[in-house]
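See below for protein.csv, which holds CSV, C-alpha atoms.
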```csv
chain,number,residue,atom,x,y,z
A,153,MET,CA,-16.8,-3.6,20.5
A,154,ARG,CA,-16.1,-7.0,19.2
A,155,GLU,CA,-16.6,-10.3,21.1
A,156,ILE,CA,-13.9,-11.3,23.6
A,157,ARG,CA,-13.5,-14.9,24.7
A,158,GLU,CA,-12.8,-14.7,28.4
A,159,ASP,CA,-12.3,-18.4,28.5
A,160,ILE,CA,-9.5,-18.5,26.0
A,161,THR,CA,-6.1,-17.0,26.9
A,162,MET,CA,-4.0,-16.4,23.8
A,163,ILE,CA,-0.9,-14.8,25.5
A,164,ASP,CA,0.1,-15.6,29.0
A,165,VAL,CA,3.1,-13.5,30.2
A,166,GLN,CA,4.3,-15.1,33.5
A,167,ASP,CA,6.7,-13.1,35.7
A,168,VAL,CA,9.0,-12.2,32.8
A,169,SER,CA,12.3,-10.4,33.6
A,170,MET,CA,15.0,-9.5,31.0
A,171,ARG,CA,18.6,-8.6,32.0
A,172,PHE,CA,21.2,-7.1,29.7
A,173,MET,CA,24.9,-6.9,30.5
A,174,MET,CA,26.2,-3.4,29.5
A,175,SER,CA,29.8,-2.6,29.1
A,176,ASN,CA,31.0,0.8,30.2
A,177,ASP,CA,34.2,0.5,28.2
A,178,LYS,CA,34.6,2.2,24.8
A,179,ILE,CA,35.7,-0.6,22.4
A,180,GLY,CA,36.9,0.4,18.9
A,181,SER,CA,36.9,-3.0,17.2
A,182,LEU,CA,36.1,-6.6,17.6
A,183,LYS,CA,39.8,-7.5,18.0
A,184,GLU,CA,40.1,-5.0,20.8
A,185,MET,CA,37.1,-6.3,22.5
A,186,VAL,CA,38.4,-9.9,22.4
A,187,THR,CA,41.8,-8.8,23.7
A,188,GLN,CA,40.2,-6.9,26.6
A,189,LEU,CA,38.0,-9.8,27.4
A,190,ILE,CA,40.9,-12.2,27.5
A,191,LYS,CA,42.8,-9.8,29.8
A,192,GLY,CA,39.7,-9.5,32.0
A,193,LYS,CA,39.6,-5.7,31.7
A,194,ILE,CA,36.1,-5.2,30.4
A,195,LYS,CA,33.6,-4.5,33.2
A,196,PHE,CA,29.9,-5.2,32.7
A,197,LYS,CA,27.0,-3.6,34.5
A,198,GLU,CA,23.6,-5.3,34.9
A,199,PHE,CA,20.6,-3.6,33.3
A,200,TRP,CA,17.2,-5.0,33.9
A,201,ALA,CA,14.9,-3.9,31.0
A,202,LEU,CA,12.0,-5.9,32.5
A,203,ARG,CA,11.2,-7.1,36.0
A,204,ASP,CA,8.5,-9.5,36.9
A,205,VAL,CA,6.1,-8.5,34.1
A,206,ASP,CA,2.9,-10.5,34.3
A,207,PHE,CA,-0.3,-10.2,32.3
A,208,GLN,CA,-2.7,-12.2,30.1
A,209,VAL,CA,-4.4,-11.4,26.7
A,210,LYS,CA,-7.8,-13.0,25.9
A,211,LYS,CA,-8.9,-14.2,22.5
A,212,GLY,CA,-10.2,-11.2,20.5
A,213,GLU,CA,-8.7,-8.5,22.7
A,214,VAL,CA,-6.7,-5.5,21.5
A,215,VAL,CA,-4.3,-4.7,24.3
A,216,GLY,CA,-2.3,-1.6,24.2
A,217,ILE,CA,1.2,-1.3,25.8
A,218,ILE,CA,2.2,2.2,26.8
A,219,GLY,CA,5.1,3.8,28.6
A,220,ARG,CA,7.9,6.3,28.2
A,221,ASN,CA,11.0,5.6,26.1
A,222,GLY,CA,13.1,2.9,27.7
A,223,ALA,CA,10.1,1.5,29.7
A,224,GLY,CA,10.6,-2.0,28.1
A,225,LYS,CA,7.7,-1.9,25.5
A,226,SER,CA,9.7,-3.2,22.5
A,227,THR,CA,11.6,-5.7,24.7
A,228,ILE,CA,8.4,-7.4,25.9
A,229,LEU,CA,7.0,-7.5,22.4
A,230,LYS,CA,10.2,-9.2,21.2
A,231,ILE,CA,10.0,-11.8,24.0
A,232,ILE,CA,6.3,-12.5,23.3
A,233,SER,CA,7.2,-12.9,19.6
A,234,GLY,CA,9.9,-15.4,20.4
A,235,ILE,CA,12.7,-13.2,19.0
A,236,MET,CA,14.3,-12.9,22.5
A,237,LYS,CA,14.4,-15.4,25.4
A,238,PRO,CA,13.7,-13.9,28.8
A,239,THR,CA,16.2,-14.1,31.6
A,240,LYS,CA,13.4,-15.3,34.0
A,241,GLY,CA,9.8,-16.3,33.5
A,242,ARG,CA,8.1,-17.5,30.4
A,243,VAL,CA,5.5,-16.7,27.8
A,244,VAL,CA,2.7,-19.2,26.7
A,245,ARG,CA,1.3,-18.5,23.3
A,246,ASN,CA,-1.8,-20.2,21.9
A,247,GLY,CA,-1.9,-19.4,18.2
A,248,ASN,CA,0.2,-18.3,15.3
A,249,ILE,CA,1.9,-14.9,15.7
A,250,VAL,CA,2.7,-12.3,13.1
A,251,PRO,CA,5.2,-9.8,14.7
A,252,MET,CA,5.2,-6.5,12.9
A,253,LEU,CA,8.2,-5.2,14.7
A,254,GLU,CA,11.0,-4.8,12.2
A,255,LEU,CA,9.5,-4.8,8.8
A,256,GLY,CA,11.8,-6.1,6.1
A,257,SER,CA,14.4,-7.4,8.5
A,258,GLY,CA,14.5,-10.7,6.7
A,259,PHE,CA,15.0,-9.2,3.2
A,260,ASP,CA,18.0,-10.1,1.0
A,261,PHE,CA,19.0,-7.0,-0.8
A,262,ASP,CA,20.5,-8.9,-3.7
A,263,LEU,CA,17.2,-10.6,-4.6
A,264,SER,CA,14.3,-9.1,-6.4
A,265,GLY,CA,11.1,-8.0,-4.7
A,266,ARG,CA,9.4,-11.1,-6.1
A,267,GLU,CA,12.0,-13.4,-4.6
A,268,ASN,CA,11.8,-11.5,-1.3
A,269,VAL,CA,8.1,-12.1,-1.2
A,270,PHE,CA,8.8,-15.9,-0.9
A,271,LEU,CA,11.8,-15.4,1.3
A,272,ASN,CA,10.2,-13.1,3.8
A,273,GLY,CA,6.9,-15.0,3.6
A,274,ALA,CA,8.7,-18.2,4.5
A,275,ILE,CA,10.3,-16.5,7.5
A,276,LEU,CA,6.8,-15.5,8.6
A,277,GLY,CA,5.7,-19.1,8.3
A,278,TYR,CA,3.7,-19.0,5.0
A,279,SER,CA,4.1,-21.9,2.6
A,280,LYS,CA,5.3,-21.5,-1.0
A,281,GLU,CA,1.9,-22.6,-2.3
A,282,PHE,CA,0.1,-20.0,-0.2
A,283,LEU,CA,2.4,-17.2,-1.3
A,284,MET,CA,2.0,-18.2,-4.9
A,285,GLU,CA,-1.8,-18.0,-4.4
A,286,LYS,CA,-1.5,-14.6,-2.7
A,287,PHE,CA,1.3,-13.1,-4.8
A,288,ASP,CA,-1.0,-10.9,-7.0
A,289,GLU,CA,-2.8,-9.6,-3.9
A,290,ILE,CA,0.6,-8.7,-2.3
A,291,LEU,CA,1.8,-7.0,-5.4
A,292,GLU,CA,-1.4,-5.0,-5.9
A,293,PHE,CA,-1.4,-3.8,-2.3
A,294,SER,CA,2.3,-2.9,-2.3
A,295,GLU,CA,1.8,-0.7,-5.5
A,296,LEU,CA,5.2,-1.7,-6.7
A,297,GLY,CA,4.2,-2.7,-10.2
A,298,GLU,CA,7.2,-3.5,-12.4
A,299,PHE,CA,9.6,-2.7,-9.6
A,300,ILE,CA,8.8,-6.1,-8.1
A,301,GLU,CA,11.3,-7.6,-10.5
A,302,MET,CA,14.1,-5.3,-9.4
A,303,PRO,CA,16.7,-6.1,-6.7
A,304,ILE,CA,15.5,-4.4,-3.6
A,305,ARG,CA,18.9,-2.7,-3.0
A,306,ASN,CA,17.5,-0.3,-5.6
A,307,TYR,CA,14.3,0.3,-3.6
A,308,SER,CA,13.7,3.4,-1.5
A,309,SER,CA,13.0,2.8,2.2
A,310,GLY,CA,9.3,3.6,1.5
A,311,MET,CA,9.1,0.9,-1.2
A,312,MET,CA,10.7,-1.7,1.1
A,313,MET,CA,8.3,-0.9,3.9
A,314,ARG,CA,5.3,-1.1,1.5
A,315,LEU,CA,6.4,-4.6,0.3
A,316,ALA,CA,7.1,-5.8,3.9
A,317,PHE,CA,3.8,-4.6,5.1
A,318,SER,CA,2.0,-6.2,2.2
A,319,ILE,CA,3.6,-9.6,2.9
A,320,ALA,CA,3.0,-9.4,6.7
A,321,THR,CA,-0.7,-8.5,6.4
A,322,VAL,CA,-1.7,-10.9,3.6
A,323,VAL,CA,-3.5,-13.2,6.1
A,324,GLU,CA,-5.4,-12.8,9.3
A,325,PRO,CA,-3.1,-14.1,12.0
A,326,GLU,CA,-4.5,-15.4,15.3
A,327,ILE,CA,-2.1,-13.0,17.2
A,328,LEU,CA,-0.8,-9.8,15.7
A,329,ILE,CA,2.0,-7.8,17.4
A,330,VAL,CA,2.3,-4.2,16.3
A,331,ASP,CA,5.0,-1.7,17.2
A,332,GLU,CA,4.3,1.8,15.9
A,333,ILE,CA,3.6,0.4,12.5
A,334,LEU,CA,0.8,2.6,11.1
A,335,ALA,CA,3.1,5.2,9.4
A,336,VAL,CA,4.3,3.2,6.4
A,337,GLY,CA,5.1,4.8,3.1
A,338,ASP,CA,3.6,8.0,1.7
A,339,GLU,CA,0.3,9.6,2.8
A,340,ASN,CA,-1.9,7.5,0.5
A,341,PHE,CA,-0.3,4.2,1.6
A,342,GLN,CA,-0.5,5.3,5.2
A,343,ARG,CA,-4.3,5.6,4.9
A,344,LYS,CA,-4.5,2.2,3.2
A,345,SER,CA,-2.2,0.5,5.7
A,346,ARG,CA,-4.2,2.0,8.6
A,347,GLN,CA,-7.4,0.7,7.0
A,348,ARG,CA,-5.8,-2.7,6.7
A,349,MET,CA,-4.7,-2.7,10.3
A,350,MET,CA,-8.2,-1.7,11.4
A,351,GLU,CA,-9.7,-4.6,9.4
A,352,LEU,CA,-7.3,-7.0,11.2
A,353,MET,CA,-8.0,-5.5,14.6
A,354,SER,CA,-11.8,-5.7,14.1
A,355,GLY,CA,-11.9,-9.2,12.6
A,356,GLY,CA,-11.3,-11.3,15.7
A,357,THR,CA,-7.5,-11.2,15.6
A,358,THR,CA,-5.9,-10.9,19.1
A,359,VAL,CA,-3.6,-7.8,19.0
A,360,LEU,CA,-0.8,-6.4,21.1
A,361,PHE,CA,-0.3,-2.8,20.1
A,362,VAL,CA,2.4,-0.4,21.2
A,363,SER,CA,2.1,3.3,20.3
A,364,HIS,CA,3.0,6.7,21.7
A,365,ASN,CA,-0.1,8.0,20.0
A,366,MET,CA,-2.7,8.0,22.9
A,367,ASP,CA,-5.6,8.7,20.5
A,368,GLN,CA,-4.8,5.5,18.6
A,369,ILE,CA,-4.6,3.6,21.9
A,370,ARG,CA,-7.9,5.0,23.1
A,371,GLU,CA,-9.6,4.3,19.7
A,372,MET,CA,-8.3,0.7,19.2
A,373,CYS,CA,-7.7,-1.0,22.6
A,374,ASN,CA,-9.9,-2.8,25.0
A,375,ARG,CA,-7.3,-2.8,27.8
A,376,VAL,CA,-4.0,-1.2,28.4
A,377,VAL,CA,-0.8,-2.3,30.1
A,378,TRP,CA,1.3,0.6,31.4
A,379,LEU,CA,5.0,-0.2,31.7
A,380,ASP,CA,7.2,2.1,33.8
A,381,GLY,CA,10.9,1.4,34.2
A,382,GLY,CA,10.5,-2.2,33.1
A,383,THR,CA,7.7,-3.0,35.6
A,384,VAL,CA,3.9,-3.0,35.3
A,385,ARG,CA,2.6,0.2,36.7
A,386,MET,CA,-1.0,-0.4,35.9
A,387,ILE,CA,-3.3,-2.7,33.9
A,388,GLY,CA,-6.9,-2.0,33.3
A,389,GLU,CA,-9.6,-0.5,31.0
A,390,THR,CA,-8.3,1.8,28.3
A,391,LYS,CA,-9.8,5.1,29.6
A,392,GLU,CA,-8.8,4.5,33.2
A,393,VAL,CA,-5.1,3.7,32.4
A,394,CYS,CA,-4.8,6.4,29.7
A,395,ASP,CA,-6.2,9.0,32.0
A,396,ALA,CA,-3.8,7.9,34.8
A,397,TYR,CA,-0.9,7.9,32.4
A,398,LYS,CA,-1.5,11.6,31.4
A,399,LEU,CA,-1.4,12.8,35.0
```
Mind turning this structure into structure tokens?
Amino acid sequence: MREIREDITMIDVQDVSMRFMMSNDKIGSLKEMVTQLIKGKIKFKEFWALRDVDFQVKKGEVVGIIGRNGAGKSTILKIISGIMKPTKGRVVRNGNIVPMLELGSGFDFDLSGRENVFLNGAILGYSKEFLMEKFDEILEFSELGEFIEMPIRNYSSGMMMRLAFSIATVVEPEILIVDEILAVGDENFQRKSRQRMMELMSGGTTVLFVSHNMDQIREMCNRVVWLDGGTVRMIGETKEVCDAYKL
């Protein structure tokens, strides 16, 4: 097990709650929605995806987040990543974050793979100079070859995921946020991407890791946060929490 710096908190989730307003009305178009809103005929229902979630992640930890579908796992990752703002509470982050949540979400389908390396890399916070220096490494890892010059609208979904994964993992971030990301591309690339993820996780990067695969959670994580219905059911050592979750 790698060294964990108990004195350095990389992620501090402080009493985070997230509310969504859900409409029960079936709206067929934007025009109809605006019309119904003006008339005051749309009724909304509160849905709390998270309530008073509180935990900390120390430097060097790999912390798993588990729970059934709808437990709030993806929501808390998006809030920690800064993609969403919580309704209540706050998150303090001490380090640069690479969120591997929606790979390729920043791609422009009219641009080539090469151009999207620089576009997506910039979204992730990499400089143009850095991306130019790492371009050959990204291309080699993605296995795209001459397809890198083609518009990505012509890519298969597997090709896009390979390119996105290669861009996202080109450096060792201080904080890595992973949501079911190890099944990327074909079987050969899955093995390679898993090896790359293991290198990141064993190299001192602080990791938040969501997976339904309990074997992966047990293998990779120092501690586990169990979310149940948007609240923290249990936090503790990996074996203890995973054993309780199975009951």
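The nearest approach to Glu389 in chain A among the residues A:Val269, A:Met170, A:Ile217, A:Val376, with all atoms listed in the file taken into account, belongs to A:Val376.
By all atoms listed in the file, and with residues fewer than 4 positions from Lys391 in chain A along its chain excluded, the set lying at most 10 Å from it is Ile369, Arg370, Glu371, Cys373, Asn374, Arg375, Val376, Asp395, Ala396 and Tyr397 of chain A.
For the atom pair formed by CA of Val205 in chain A and CA of Asp167 in chain A, the distance is 4.9 Å, given to one decimal.
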Q: Report the distance between CA of Leu229 in chain A and CA of Ser309 in chain A in Å, rounded to one decimal place.
A: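 Rounded to one decimal, the two atoms are 23.5 Å apart.
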Q: Rank nothing, just name the residue among A:Met302, A:Val393, A:Val362, A:Leu276 nearest to Val322 in chain A, using only C-alpha atoms.
A: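 Closest to Val322 in chain A, using only C-alpha atoms: A:Leu276.
For the residues A:Ser226, A:Thr383, A:Ser308, A:Gln342, ranking by smallest atom-to-atom distance to Phe361 in chain A using all atoms listed in the file places A:Ser226 first.
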(Q) Show me, as a list in words, the residues that have an atom within 10 Å of Arg305 in chain A when counting all atoms listed in the file, minus same-chain residues fewer than 4 positions from it. (A) Phe259, Asp260, Phe261, Asp262, Leu263, Ser264, Gly265, Ser309 and Met312 of chain A
Q) Closest to Pro251 in chain A among A:Ile235, A:Leu202, A:Cys394, A:Ile163, using all atoms listed in the file? A)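 The closest residue to Pro251 in chain A is A:Ile235.
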(Q) Restricting the calculation to only C-alpha atoms: of A:Thr239, A:Gln208, A:Ser294, A:Asn365, which residue gets closest to Gly310 in chain A? (A) A:Ser294
Q: Skip range 353-358 of chain A itself and residues of its chain fewer than 5 positions away, then list as a list in words all residues within 8 Å of it, counting only C-alpha atoms.
A: Arg154, Glu155, Met162, Val209, Lys210, Lys211, Gly212, Glu213, Val214, Glu324, Pro325, Glu326, Ile327, Leu328 and Met372 of chain A
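Proximity to Asp367 in chain A was assessed for A:Ile160, A:Ile218, A:Arg242, A:Ala320 counting only C-alpha atoms; the smallest distance is recorded for A:Ile218.
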Q.
Could you list, as a ChimeraX atom specification, every residue within 8 Å of Lys280 in chain A, counting only C-alpha atoms and ignoring same-chain residues fewer than 4 positions away?
A. /A:270,274,284
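Atom pair CA of Asn340 in chain A / CA of Arg314 in chain A: separated by 11.3 Å.
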Q: Taking (3.1, 3.8, 32.4) in the file's own coordinates, collect the residues within 7 Å, counting all atoms listed in the file, and hand them back as a ChimeraX atom specification.
A: /A:218-220,378-380,385-386,397
Q.
Give me the residues near Gly234 in chain A as a list of chain:residue names, where near means some atom within 10 Å (using only C-alpha atoms) and where sequence neighbours in that chain fewer than 6 positions away do not count.
A.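 Listed by chain and then number, they are A:Ile228, A:Val243, A:Arg245, A:Ile249, A:Pro251.
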